[in-house]
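Colleague: The file below is model_32.txt, compact mmCIF, N, CA, C and O atoms:
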# COMPACT_ATOMS: atom_id res chain seq x y z
N MET G 1 -46.31 -80.36 1.79
CA MET G 1 -45.41 -79.26 1.53
C MET G 1 -45.93 -78.48 0.33
O MET G 1 -46.24 -79.05 -0.71
N SER G 2 -46.02 -77.18 0.49
CA SER G 2 -46.50 -76.37 -0.62
C SER G 2 -45.42 -76.24 -1.68
O SER G 2 -44.23 -76.44 -1.42
N SER G 3 -45.83 -75.91 -2.89
CA SER G 3 -44.85 -75.75 -3.97
C SER G 3 -43.92 -74.58 -3.69
O SER G 3 -42.76 -74.60 -4.10
N GLN G 4 -44.41 -73.56 -2.96
CA GLN G 4 -43.56 -72.42 -2.60
C GLN G 4 -42.48 -72.86 -1.62
O GLN G 4 -41.32 -72.46 -1.74
N THR G 5 -42.86 -73.69 -0.66
CA THR G 5 -41.89 -74.21 0.30
C THR G 5 -40.88 -75.08 -0.42
O THR G 5 -39.67 -75.01 -0.14
N GLU G 6 -41.35 -75.90 -1.35
CA GLU G 6 -40.44 -76.75 -2.12
C GLU G 6 -39.46 -75.90 -2.93
O GLU G 6 -38.26 -76.21 -2.97
N LEU G 7 -39.95 -74.84 -3.55
CA LEU G 7 -39.08 -73.96 -4.32
C LEU G 7 -38.05 -73.29 -3.41
O LEU G 7 -36.87 -73.22 -3.75
N THR G 8 -38.48 -72.83 -2.25
CA THR G 8 -37.55 -72.22 -1.30
C THR G 8 -36.47 -73.23 -0.89
O THR G 8 -35.29 -72.88 -0.83
N ASP G 9 -36.86 -74.46 -0.64
CA ASP G 9 -35.89 -75.50 -0.29
C ASP G 9 -34.89 -75.74 -1.42
O ASP G 9 -33.70 -75.90 -1.17
N LEU G 10 -35.37 -75.76 -2.66
CA LEU G 10 -34.48 -75.96 -3.80
C LEU G 10 -33.49 -74.80 -3.93
O LEU G 10 -32.30 -75.03 -4.22
N VAL G 11 -33.95 -73.59 -3.73
CA VAL G 11 -33.07 -72.42 -3.79
C VAL G 11 -32.00 -72.52 -2.69
O VAL G 11 -30.82 -72.29 -2.95
N GLU G 12 -32.41 -72.90 -1.49
CA GLU G 12 -31.45 -73.06 -0.39
C GLU G 12 -30.42 -74.13 -0.72
O GLU G 12 -29.22 -73.95 -0.45
N GLN G 13 -30.86 -75.24 -1.30
CA GLN G 13 -29.93 -76.31 -1.68
C GLN G 13 -28.94 -75.81 -2.73
O GLN G 13 -27.74 -76.13 -2.68
N ALA G 14 -29.44 -75.06 -3.70
CA ALA G 14 -28.57 -74.53 -4.75
C ALA G 14 -27.53 -73.57 -4.17
O ALA G 14 -26.35 -73.60 -4.57
N LEU G 15 -27.93 -72.74 -3.21
CA LEU G 15 -26.98 -71.84 -2.56
C LEU G 15 -25.91 -72.62 -1.80
O LEU G 15 -24.74 -72.24 -1.81
N GLU G 16 -26.31 -73.72 -1.17
CA GLU G 16 -25.34 -74.56 -0.46
C GLU G 16 -24.34 -75.18 -1.44
O GLU G 16 -23.14 -75.25 -1.15
N VAL G 17 -24.83 -75.64 -2.58
CA VAL G 17 -23.95 -76.25 -3.59
C VAL G 17 -22.97 -75.20 -4.13
O VAL G 17 -21.77 -75.48 -4.27
N ILE G 18 -23.45 -74.00 -4.40
CA ILE G 18 -22.56 -72.94 -4.88
C ILE G 18 -21.46 -72.68 -3.86
O ILE G 18 -20.28 -72.53 -4.22
N ALA G 19 -21.83 -72.61 -2.58
CA ALA G 19 -20.83 -72.37 -1.53
C ALA G 19 -19.79 -73.50 -1.50
O ALA G 19 -18.59 -73.24 -1.36
N LYS G 20 -20.24 -74.74 -1.66
CA LYS G 20 -19.31 -75.87 -1.67
C LYS G 20 -18.36 -75.78 -2.86
O LYS G 20 -17.16 -76.06 -2.73
N ILE G 21 -18.90 -75.40 -4.02
CA ILE G 21 -18.05 -75.26 -5.21
C ILE G 21 -17.02 -74.15 -4.99
O ILE G 21 -15.83 -74.33 -5.27
N GLN G 22 -17.47 -73.00 -4.48
CA GLN G 22 -16.57 -71.87 -4.27
C GLN G 22 -15.44 -72.21 -3.31
O GLN G 22 -14.33 -71.69 -3.44
N ASN G 23 -15.72 -73.07 -2.33
CA ASN G 23 -14.72 -73.41 -1.32
C ASN G 23 -13.89 -74.65 -1.65
O ASN G 23 -12.96 -74.99 -0.93
N HIS G 24 -14.22 -75.30 -2.75
CA HIS G 24 -13.51 -76.53 -3.12
C HIS G 24 -12.09 -76.20 -3.58
O HIS G 24 -11.87 -75.28 -4.36
N ARG G 25 -11.13 -76.96 -3.09
CA ARG G 25 -9.72 -76.66 -3.42
C ARG G 25 -9.45 -76.76 -4.91
O ARG G 25 -8.65 -75.99 -5.45
N ASP G 26 -10.10 -77.69 -5.62
CA ASP G 26 -9.87 -77.81 -7.05
C ASP G 26 -10.46 -76.62 -7.80
O ASP G 26 -9.89 -76.16 -8.80
N PHE G 27 -11.58 -76.10 -7.34
CA PHE G 27 -12.17 -74.93 -7.98
C PHE G 27 -11.25 -73.73 -7.82
O PHE G 27 -11.07 -72.95 -8.75
N LYS G 28 -10.67 -73.59 -6.63
CA LYS G 28 -9.80 -72.44 -6.36
C LYS G 28 -8.55 -72.46 -7.26
O LYS G 28 -7.97 -71.42 -7.53
N SER G 29 -8.15 -73.64 -7.74
CA SER G 29 -6.95 -73.73 -8.56
C SER G 29 -7.23 -73.51 -10.05
O SER G 29 -6.30 -73.37 -10.83
N ILE G 30 -8.50 -73.48 -10.44
CA ILE G 30 -8.84 -73.28 -11.84
C ILE G 30 -8.72 -71.80 -12.18
O ILE G 30 -9.22 -70.94 -11.47
N GLU G 31 -8.05 -71.53 -13.27
CA GLU G 31 -7.91 -70.14 -13.72
C GLU G 31 -8.80 -69.94 -14.95
O GLU G 31 -8.51 -70.45 -16.02
N TYR G 32 -9.87 -69.21 -14.75
CA TYR G 32 -10.74 -68.87 -15.86
C TYR G 32 -11.42 -67.55 -15.55
O TYR G 32 -11.49 -67.12 -14.40
N SER G 33 -11.90 -66.89 -16.58
CA SER G 33 -12.52 -65.57 -16.42
C SER G 33 -13.88 -65.56 -17.11
O SER G 33 -14.02 -65.04 -18.23
N PRO G 34 -14.89 -66.11 -16.47
CA PRO G 34 -16.21 -66.13 -17.09
C PRO G 34 -16.87 -64.76 -17.05
O PRO G 34 -16.50 -63.90 -16.24
N ASP G 35 -17.82 -64.54 -17.94
CA ASP G 35 -18.57 -63.29 -17.93
C ASP G 35 -19.46 -63.22 -16.69
O ASP G 35 -19.69 -62.15 -16.14
N LEU G 36 -19.99 -64.36 -16.31
CA LEU G 36 -20.81 -64.46 -15.09
C LEU G 36 -20.10 -65.39 -14.13
O LEU G 36 -19.55 -66.41 -14.52
N THR G 37 -20.15 -65.05 -12.85
CA THR G 37 -19.44 -65.84 -11.84
C THR G 37 -20.43 -66.60 -10.96
O THR G 37 -21.64 -66.39 -11.03
N LEU G 38 -19.88 -67.44 -10.11
CA LEU G 38 -20.73 -68.12 -9.13
C LEU G 38 -21.36 -67.10 -8.18
O LEU G 38 -22.47 -67.30 -7.71
N GLY G 39 -20.67 -66.01 -7.94
CA GLY G 39 -21.24 -64.94 -7.13
C GLY G 39 -22.48 -64.33 -7.79
O GLY G 39 -23.45 -63.98 -7.12
N ASP G 40 -22.45 -64.22 -9.12
CA ASP G 40 -23.63 -63.73 -9.85
C ASP G 40 -24.79 -64.71 -9.71
O ASP G 40 -25.94 -64.31 -9.50
N ALA G 41 -24.48 -66.01 -9.82
CA ALA G 41 -25.53 -67.03 -9.66
C ALA G 41 -26.09 -67.00 -8.25
O ALA G 41 -27.30 -67.10 -8.05
N GLU G 42 -25.20 -66.83 -7.29
CA GLU G 42 -25.63 -66.76 -5.89
C GLU G 42 -26.56 -65.56 -5.68
O GLU G 42 -27.61 -65.68 -5.04
N GLN G 43 -26.19 -64.42 -6.22
CA GLN G 43 -27.03 -63.22 -6.08
C GLN G 43 -28.39 -63.42 -6.74
O GLN G 43 -29.42 -63.02 -6.21
N ALA G 44 -28.41 -64.07 -7.90
CA ALA G 44 -29.68 -64.33 -8.58
C ALA G 44 -30.58 -65.23 -7.73
O ALA G 44 -31.79 -64.99 -7.63
N LEU G 45 -30.00 -66.23 -7.10
CA LEU G 45 -30.78 -67.13 -6.24
C LEU G 45 -31.28 -66.42 -4.99
O LEU G 45 -32.40 -66.64 -4.54
N ILE G 46 -30.47 -65.54 -4.42
CA ILE G 46 -30.89 -64.76 -3.26
C ILE G 46 -32.08 -63.88 -3.62
O ILE G 46 -33.07 -63.79 -2.89
N GLU G 47 -31.99 -63.22 -4.78
CA GLU G 47 -33.10 -62.38 -5.23
C GLU G 47 -34.35 -63.20 -5.53
O GLU G 47 -35.46 -62.78 -5.23
N LEU G 48 -34.16 -64.40 -6.08
CA LEU G 48 -35.30 -65.29 -6.31
C LEU G 48 -35.95 -65.66 -4.99
O LEU G 48 -37.18 -65.60 -4.86
N ARG G 49 -35.14 -65.99 -4.00
CA ARG G 49 -35.66 -66.36 -2.68
C ARG G 49 -36.49 -65.21 -2.08
O ARG G 49 -37.53 -65.44 -1.48
N TRP G 50 -36.04 -63.97 -2.27
CA TRP G 50 -36.78 -62.81 -1.75
C TRP G 50 -38.15 -62.67 -2.43
O TRP G 50 -39.07 -62.11 -1.85
N ASN G 51 -38.26 -63.16 -3.65
CA ASN G 51 -39.49 -62.97 -4.43
C ASN G 51 -40.46 -64.15 -4.37
O ASN G 51 -41.51 -64.10 -4.99
N ILE G 52 -40.10 -65.19 -3.66
CA ILE G 52 -41.01 -66.33 -3.51
C ILE G 52 -42.06 -65.96 -2.47
O ILE G 52 -41.72 -65.66 -1.33
N PRO G 53 -43.33 -65.94 -2.87
CA PRO G 53 -44.37 -65.59 -1.90
C PRO G 53 -44.37 -66.58 -0.74
O PRO G 53 -44.22 -67.79 -0.93
N GLN G 54 -44.50 -66.05 0.45
CA GLN G 54 -44.53 -66.88 1.65
C GLN G 54 -45.98 -67.08 2.09
O GLN G 54 -46.78 -66.15 2.00
N PRO G 55 -46.31 -68.28 2.57
CA PRO G 55 -47.68 -68.51 3.04
C PRO G 55 -47.95 -67.65 4.27
O PRO G 55 -47.03 -67.34 5.02
N PRO G 56 -49.21 -67.27 4.50
CA PRO G 56 -49.52 -66.49 5.70
C PRO G 56 -49.23 -67.29 6.96
O PRO G 56 -49.27 -68.52 6.96
N LEU G 57 -48.90 -66.60 8.05
CA LEU G 57 -48.55 -67.28 9.30
C LEU G 57 -49.67 -68.18 9.80
O LEU G 57 -49.41 -69.24 10.36
N SER G 58 -50.93 -67.78 9.56
CA SER G 58 -52.04 -68.62 10.03
C SER G 58 -52.00 -69.99 9.36
O SER G 58 -52.31 -71.00 9.96
N TYR G 59 -51.58 -70.03 8.09
CA TYR G 59 -51.45 -71.31 7.37
C TYR G 59 -50.35 -72.16 8.01
O TYR G 59 -50.52 -73.35 8.25
N ILE G 60 -49.22 -71.53 8.31
CA ILE G 60 -48.10 -72.26 8.91
C ILE G 60 -48.51 -72.79 10.28
O ILE G 60 -48.25 -73.94 10.62
N PHE G 61 -49.17 -71.94 11.09
CA PHE G 61 -49.59 -72.37 12.42
C PHE G 61 -50.58 -73.51 12.35
O PHE G 61 -50.57 -74.42 13.17
N SER G 62 -51.49 -73.48 11.35
CA SER G 62 -52.46 -74.57 11.23
C SER G 62 -51.76 -75.88 10.87
O SER G 62 -52.14 -76.95 11.32
N LEU G 63 -50.71 -75.81 10.06
CA LEU G 63 -49.95 -77.01 9.71
C LEU G 63 -49.24 -77.58 10.93
O LEU G 63 -49.08 -78.79 11.07
N GLU G 64 -48.80 -76.70 11.83
CA GLU G 64 -48.09 -77.13 13.03
C GLU G 64 -49.05 -77.53 14.15
O GLU G 64 -48.62 -77.96 15.20
N GLY G 65 -50.36 -77.37 13.95
CA GLY G 65 -51.34 -77.79 14.93
C GLY G 65 -51.65 -76.75 15.99
O GLY G 65 -52.30 -77.04 16.98
N PHE G 66 -51.19 -75.50 15.77
CA PHE G 66 -51.46 -74.44 16.74
C PHE G 66 -52.85 -73.84 16.57
O PHE G 66 -53.38 -73.24 17.48
N ILE G 67 -53.39 -73.96 15.37
CA ILE G 67 -54.73 -73.43 15.09
C ILE G 67 -55.58 -74.59 14.58
O ILE G 67 -55.17 -75.34 13.70
N ASN G 68 -56.76 -74.72 15.11
CA ASN G 68 -57.65 -75.81 14.66
C ASN G 68 -58.49 -75.35 13.50
O ASN G 68 -58.84 -74.30 13.28
Show me this structure written as structure tokens.
Modeller:
Amino acid sequence: MSSQTELTDLVEQALEVIAKIQNHRDFKSIEYSPDLTLGDAEQALIELRWNIPQPPLSYIFSLEGFIN
């Protein structure tokens, strides 16, 4: 697994955790007004994901055994 793929996986995991926190009943009952929200963190992670360089398709196909 390339480090870029690992980073993409970590970003995806973080987005899943944020969604779980946002939907948790205990979180919904907390009253607080932060300067930055979970939505801000989510947007930052989405933008990070857009900026992670992706390997060329030929590299992916060679890993899957489609190209020798």
Colleague: Quick one: pull the distance between atom CA of Leu38 of chain G and atom CA of Ile21 of chain G, Å, one decimal.
Modeller: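 Distance between the two atoms: 8.6 Å.
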Colleague: To one decimal place in Å, what is the distance between atom C of Ile52 of chain G and atom O of Lys20 of chain G?
Modeller: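 A separation of 26.9 Å between them.
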Colleague: Atom C of Leu45 of chain G to atom CA of Val11 of chain G: how many Å, to one decimal?
Modeller: 6.4 Å
Colleague: Could you please give me, as a list in words, the residues of protein, DNA or RNA lying at most 6 Å from (-27.7, -68.3, -4.1) in the coordinate frame of the file, considering only N, CA, C and O atoms?
Modeller: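 Here the neighbourhood of the point contains Val11, Ala14, Leu15, Ala41, Glu42, Gln43, Ala44, Leu45 and Ile46 of chain G.
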